[in-house]
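Here's the structure, in C-alpha coordinates; my notes come after.
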Amino acid sequence: NAGVTQTPKFQVLKTGQSMTLQCAQDMNHEYMSWYRQDPGMGLRLIHYSVGAGITDQGEVPNGYNVSRSTTEDFPLRLLSAAPSQTSVYFCASTRGLAGTAGELFFGEGSRLTVL
Amino acid sequence: GQQLNQSPQSMFIQEGEDVSMNCTSSSIFNTWLWYKQDPGEGPVLLIALYKAGELTSNGRLTAQFGITRKDSFLNISASIPSDVGIYFCAGPLGGGADGLTFGKGTHLIIQP
(Lines give C-alpha, C1' and ligand atoms only; values in the text may rest on other atoms or scores of the structure.)
Protein backbone atom coordinates (compact mmCIF):
# COMPACT_ATOMS: atom_id res chain seq x y z
CA ASN A 1 0.00 0.00 0.00
CA ALA A 2 1.18 3.50 -0.82
CA GLY A 3 -0.67 5.05 2.16
CA VAL A 4 -1.05 8.83 1.84
CA THR A 5 0.56 10.30 -1.28
CA GLN A 6 1.16 14.03 -1.69
CA THR A 7 2.25 15.87 -4.83
CA PRO A 8 4.24 17.92 -5.52
CA LYS A 9 6.93 17.53 -2.86
CA PHE A 10 8.38 20.95 -3.60
CA GLN A 11 6.87 24.05 -5.22
CA VAL A 12 7.89 27.68 -5.62
CA LEU A 13 5.20 30.23 -6.40
CA LYS A 14 5.07 33.95 -6.97
CA THR A 15 2.72 36.08 -4.90
CA GLY A 16 -0.75 36.01 -6.42
CA GLN A 17 -0.37 32.71 -8.26
CA SER A 18 -2.75 29.85 -7.62
CA MET A 19 -2.01 26.17 -7.30
CA THR A 20 -3.37 22.89 -6.02
CA LEU A 21 -1.65 20.47 -3.66
CA GLN A 22 -2.79 16.94 -4.35
CA CYS A 23 -3.46 14.28 -1.72
CA ALA A 24 -4.55 10.70 -2.32
CA GLN A 25 -4.96 7.77 0.05
CA ASP A 26 -5.52 4.12 -0.80
CA MET A 27 -6.65 2.91 2.63
CA ASN A 28 -10.38 3.64 2.15
CA HIS A 29 -10.33 6.14 5.02
CA GLU A 30 -13.36 8.38 5.38
CA TYR A 31 -11.58 11.15 7.28
CA MET A 32 -8.94 13.29 5.57
CA SER A 33 -7.34 16.57 6.60
CA TRP A 34 -4.71 19.17 5.75
CA TYR A 35 -2.22 20.63 8.24
CA ARG A 36 0.51 23.21 7.83
CA GLN A 37 3.80 23.19 9.73
CA ASP A 38 5.85 26.34 10.23
CA PRO A 39 9.35 26.50 11.77
CA GLY A 40 9.27 26.03 15.54
CA MET A 41 5.55 25.41 15.47
CA GLY A 42 3.38 22.39 15.78
CA LEU A 43 1.03 21.37 13.02
CA ARG A 44 -2.12 23.46 12.55
CA LEU A 45 -5.34 22.17 10.98
CA ILE A 46 -6.42 23.97 7.78
CA HIS A 47 -9.44 21.99 6.51
CA TYR A 48 -10.85 18.53 7.00
CA SER A 49 -13.39 16.14 5.52
CA VAL A 50 -15.34 13.34 7.18
CA GLY A 51 -16.42 11.83 3.87
CA ALA A 52 -17.00 12.45 0.17
CA GLY A 53 -18.95 15.66 -0.40
CA ILE A 54 -18.35 16.94 3.16
CA THR A 55 -15.70 19.50 4.11
CA ASP A 56 -15.23 21.87 7.02
CA GLN A 57 -12.84 24.51 8.30
CA GLY A 58 -10.08 23.93 10.78
CA GLU A 59 -7.96 26.33 12.78
CA VAL A 60 -6.35 28.32 9.91
CA PRO A 61 -8.62 28.04 6.82
CA ASN A 62 -8.22 31.52 5.31
CA GLY A 63 -6.68 31.57 1.84
CA TYR A 64 -7.34 27.87 1.19
CA ASN A 65 -10.14 25.90 -0.46
CA VAL A 66 -10.81 22.17 -0.45
CA SER A 67 -13.23 19.76 -2.05
CA ARG A 68 -13.87 16.04 -1.64
CA SER A 69 -15.45 14.47 -4.67
CA THR A 70 -14.12 10.95 -3.97
CA THR A 71 -13.10 9.02 -0.85
CA GLU A 72 -9.53 8.76 -2.14
CA ASP A 73 -8.69 12.37 -3.01
CA PHE A 74 -8.60 15.60 -1.00
CA PRO A 75 -6.90 18.46 -2.90
CA LEU A 76 -5.94 21.74 -1.24
CA ARG A 77 -6.18 24.90 -3.37
CA LEU A 78 -4.36 28.15 -2.81
CA LEU A 79 -6.39 30.78 -4.64
CA SER A 80 -3.92 33.68 -4.53
CA ALA A 81 -0.66 32.71 -2.86
CA ALA A 82 0.88 35.00 -0.26
CA PRO A 83 4.33 34.84 1.40
CA SER A 84 2.59 33.99 4.69
CA GLN A 85 1.56 30.69 3.08
CA THR A 86 5.19 29.58 2.79
CA SER A 87 5.12 26.38 4.81
CA VAL A 88 5.24 22.61 4.75
CA TYR A 89 1.81 21.10 4.13
CA PHE A 90 0.79 17.67 5.36
CA CYS A 91 -2.21 15.65 4.34
CA ALA A 92 -3.49 13.05 6.80
CA SER A 93 -6.18 10.41 6.96
CA THR A 94 -7.52 8.03 9.56
CA ARG A 95 -9.52 4.83 9.75
CA GLY A 96 -11.18 6.23 12.85
CA LEU A 97 -14.62 7.76 12.83
CA ALA A 98 -13.19 11.16 13.71
CA GLY A 99 -9.99 13.09 13.32
CA THR A 100 -9.51 13.28 17.04
CA ALA A 101 -9.46 9.59 17.72
CA GLY A 102 -7.31 6.79 16.44
CA GLU A 103 -4.19 7.10 14.35
CA LEU A 104 -3.61 9.82 11.78
CA PHE A 105 -1.57 8.61 8.81
CA PHE A 106 0.43 11.49 7.34
CA GLY A 107 1.88 11.97 3.89
CA GLU A 108 5.50 12.99 3.42
CA GLY A 109 4.62 16.66 3.03
CA SER A 110 4.67 19.32 0.34
CA ARG A 111 7.15 22.16 0.84
CA LEU A 112 5.78 25.41 -0.58
CA THR A 113 7.70 28.67 -0.96
CA VAL A 114 5.88 31.85 -1.99
CA LEU A 115 8.12 34.66 -3.21
CA GLY B 1 -7.67 26.29 19.28
CA GLN B 2 -6.46 24.93 22.55
CA GLN B 3 -2.78 25.50 23.24
CA LEU B 4 -0.36 22.80 24.28
CA ASN B 5 2.85 23.65 26.09
CA GLN B 6 5.53 21.10 25.37
CA SER B 7 8.90 20.93 27.12
CA PRO B 8 11.76 20.84 26.84
CA GLN B 9 12.09 22.51 23.44
CA SER B 10 15.24 20.50 22.71
CA MET B 11 17.35 17.86 24.39
CA PHE B 12 20.98 16.94 23.84
CA ILE B 13 21.69 13.53 25.34
CA GLN B 14 24.20 10.70 25.16
CA GLU B 15 23.31 7.40 23.57
CA GLY B 16 21.97 5.04 26.21
CA GLU B 17 20.46 7.74 28.41
CA ASP B 18 16.79 7.87 29.36
CA VAL B 19 14.65 10.74 28.06
CA SER B 20 11.63 12.45 29.59
CA MET B 21 9.40 15.07 28.04
CA ASN B 22 6.00 16.45 28.90
CA CYS B 23 3.04 18.36 27.60
CA THR B 24 0.48 20.50 29.42
CA SER B 25 -2.82 22.04 28.42
CA SER B 26 -5.01 24.72 29.96
CA SER B 27 -8.04 22.60 29.04
CA ILE B 28 -9.06 19.07 29.91
CA PHE B 29 -8.38 16.53 27.17
CA ASN B 30 -10.07 13.19 26.61
CA THR B 31 -7.26 11.98 24.37
CA TRP B 32 -3.50 12.45 24.35
CA LEU B 33 -1.37 11.41 21.39
CA TRP B 34 2.38 11.32 20.90
CA TYR B 35 3.88 11.53 17.40
CA LYS B 36 7.46 11.42 16.12
CA GLN B 37 8.67 13.21 13.02
CA ASP B 38 11.88 12.26 11.22
CA PRO B 39 13.54 14.84 8.95
CA GLY B 40 11.73 15.27 5.65
CA GLU B 41 8.84 13.02 6.63
CA GLY B 42 5.38 13.27 8.12
CA PRO B 43 4.67 12.53 11.78
CA VAL B 44 4.09 8.93 12.83
CA LEU B 45 1.93 7.97 15.81
CA LEU B 46 3.88 6.46 18.71
CA ILE B 47 1.31 6.12 21.47
CA ALA B 48 -2.36 7.02 21.97
CA LEU B 49 -3.89 7.51 25.45
CA TYR B 50 -7.63 7.56 26.07
CA LYS B 51 -8.11 7.36 29.86
CA ALA B 52 -6.90 9.54 32.74
CA GLY B 53 -4.11 7.77 34.62
CA GLU B 54 -3.44 5.39 31.73
CA LEU B 55 0.17 4.23 31.33
CA THR B 56 0.97 2.73 27.92
CA SER B 57 4.20 1.31 26.53
CA ASN B 58 5.45 0.78 23.00
CA GLY B 59 8.85 -0.91 23.15
CA ARG B 60 11.25 1.46 24.91
CA LEU B 61 8.63 4.23 24.93
CA THR B 62 6.21 4.79 27.79
CA ALA B 63 3.55 7.49 27.93
CA GLN B 64 1.15 8.50 30.67
CA PHE B 65 -2.18 10.33 30.62
CA GLY B 66 -2.09 12.68 33.63
CA ILE B 67 -4.71 12.31 36.36
CA THR B 68 -5.78 15.94 35.99
CA ARG B 69 -6.34 15.27 32.24
CA LYS B 70 -4.34 18.42 31.54
CA ASP B 71 -0.95 16.83 31.03
CA SER B 72 0.89 13.88 29.53
CA PHE B 73 4.42 12.52 29.73
CA LEU B 74 6.59 10.55 27.32
CA ASN B 75 9.65 8.61 28.44
CA ILE B 76 12.22 6.88 26.24
CA SER B 77 14.53 4.40 27.88
CA ALA B 78 18.09 3.60 26.76
CA SER B 79 18.09 5.97 23.80
CA ILE B 80 19.59 4.87 20.48
CA PRO B 81 20.61 6.91 17.41
CA SER B 82 17.34 6.26 15.55
CA ASP B 83 15.43 8.01 18.35
CA VAL B 84 16.66 11.33 16.92
CA GLY B 85 13.77 13.45 15.69
CA ILE B 86 11.02 15.78 16.80
CA TYR B 87 8.42 14.48 19.25
CA PHE B 88 4.98 16.11 19.28
CA CYS B 89 2.16 15.78 21.74
CA ALA B 90 -1.36 16.28 20.39
CA GLY B 91 -4.92 16.41 21.59
CA PRO B 92 -8.38 17.32 20.30
CA LEU B 93 -8.51 20.79 18.73
CA GLY B 94 -11.95 21.59 20.16
CA GLY B 95 -14.13 24.50 19.15
CA GLY B 96 -16.27 22.22 17.01
CA ALA B 97 -13.44 21.35 14.63
CA ASP B 98 -12.70 17.67 14.14
CA GLY B 99 -8.93 17.51 14.25
CA LEU B 100 -5.87 17.77 16.46
CA THR B 101 -3.90 20.55 18.10
CA PHE B 102 -0.16 19.93 18.37
CA GLY B 103 2.52 21.09 20.74
CA LYS B 104 5.56 22.83 19.28
CA GLY B 105 7.66 19.71 19.64
CA THR B 106 10.70 18.46 21.52
CA HIS B 107 13.76 18.15 19.31
CA LEU B 108 15.82 15.15 20.49
CA ILE B 109 19.50 15.12 19.55
CA ILE B 110 21.72 12.21 20.52
CA GLN B 111 25.44 12.74 20.84
CA PRO B 112 27.66 9.71 20.12
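By order in the C-alpha coordinates, chains are A, B, ...; within a chain, residues start at 1; ligands start at 1, following the order shown.
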*If we count only C-alpha atoms, which residues of chain A reach to within 8 Å of chain B? Please list them as a list of chain:residue names.*
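Filtering chain A at 8 Å from chain B with only C-alpha atoms gives A:Ser33, A:Gly40, A:Met41, A:Gly42, A:Leu43, A:Arg44, A:Leu45, A:Tyr48, A:Asp56, A:Gln57, A:Gly58, A:Glu59, A:Phe90, A:Ala98, A:Gly99, A:Thr100, A:Ala101, A:Gly102, A:Glu103, A:Leu104, A:Phe105, A:Phe106, A:Gly107, A:Glu108, A:Gly109.
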*Identify which of the residues B:Asn22, B:Gly53, B:Pro112, B:Phe73 lies closest to Ser10 of chain B, counting only C-alpha atoms when measuring atom-to-atom distances.*
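Once distances to Ser10 of chain B are computed over only C-alpha atoms, the minimum belongs to B:Asn22.
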*In terms of the shortest atom-to-atom distance over only C-alpha atoms, which of A:Gly96, A:Pro8, A:Gly63, A:Gly3 is closest to Leu21 of chain A?*
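Residue with the minimum atom-to-atom distance to Leu21 of chain A: A:Pro8.
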*May I have the residues within 12 Å of Met11 of chain B as number ranges by chain, using only C-alpha atoms and disregarding those fewer than 5 positions away in the same chain?*
B: 17-21, 79, 83-87, 105-111
*asked:* List the spatial neighbours of Asn28 of chain A as number ranges by chain - criterion: any atom at most 9 Å away, only C-alpha atoms, same-chain residues fewer than 3 positions off excluded.
replied: A: 25, 71-72, 95
*A:Thr94, A:Ser69, A:Thr86, A:Thr15: which is nearest Met32 of chain A, counting only C-alpha atoms?*
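That would be A:Thr94, the residue with the smallest distance to Met32 of chain A.
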*From chain A, collect each residue whose DSSP state is strand (DSSP E or B) and return the set as number ranges by chain.*
A: 4-7, 10-13, 19-25, 31-37, 43-51, 54-57, 64-66, 73, 76-78, 87-94, 104-106, 110-114
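Going from atom CA of Met27 of chain A to atom CA of Arg60 of chain B covers 28.6 Å.
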*Expressed in Å to a single decimal, how great is the separation between atom CA of Ser82 of chain B and atom CA of Glu15 of chain B?*
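Interatomic distance here is 10.1 Å.
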*Pick out the closest residue to Asn75 of chain B from this set: B:Ala52, B:Ser27, B:Leu61, B:Phe12. Count only C-alpha atoms.*
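For Asn75 of chain B, the nearest of the given residues is B:Leu61.
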*How far is it from atom CA of Val60 of chain A to atom CA of Asp38 of chain A, in Å with one decimal?*
12.4 Å
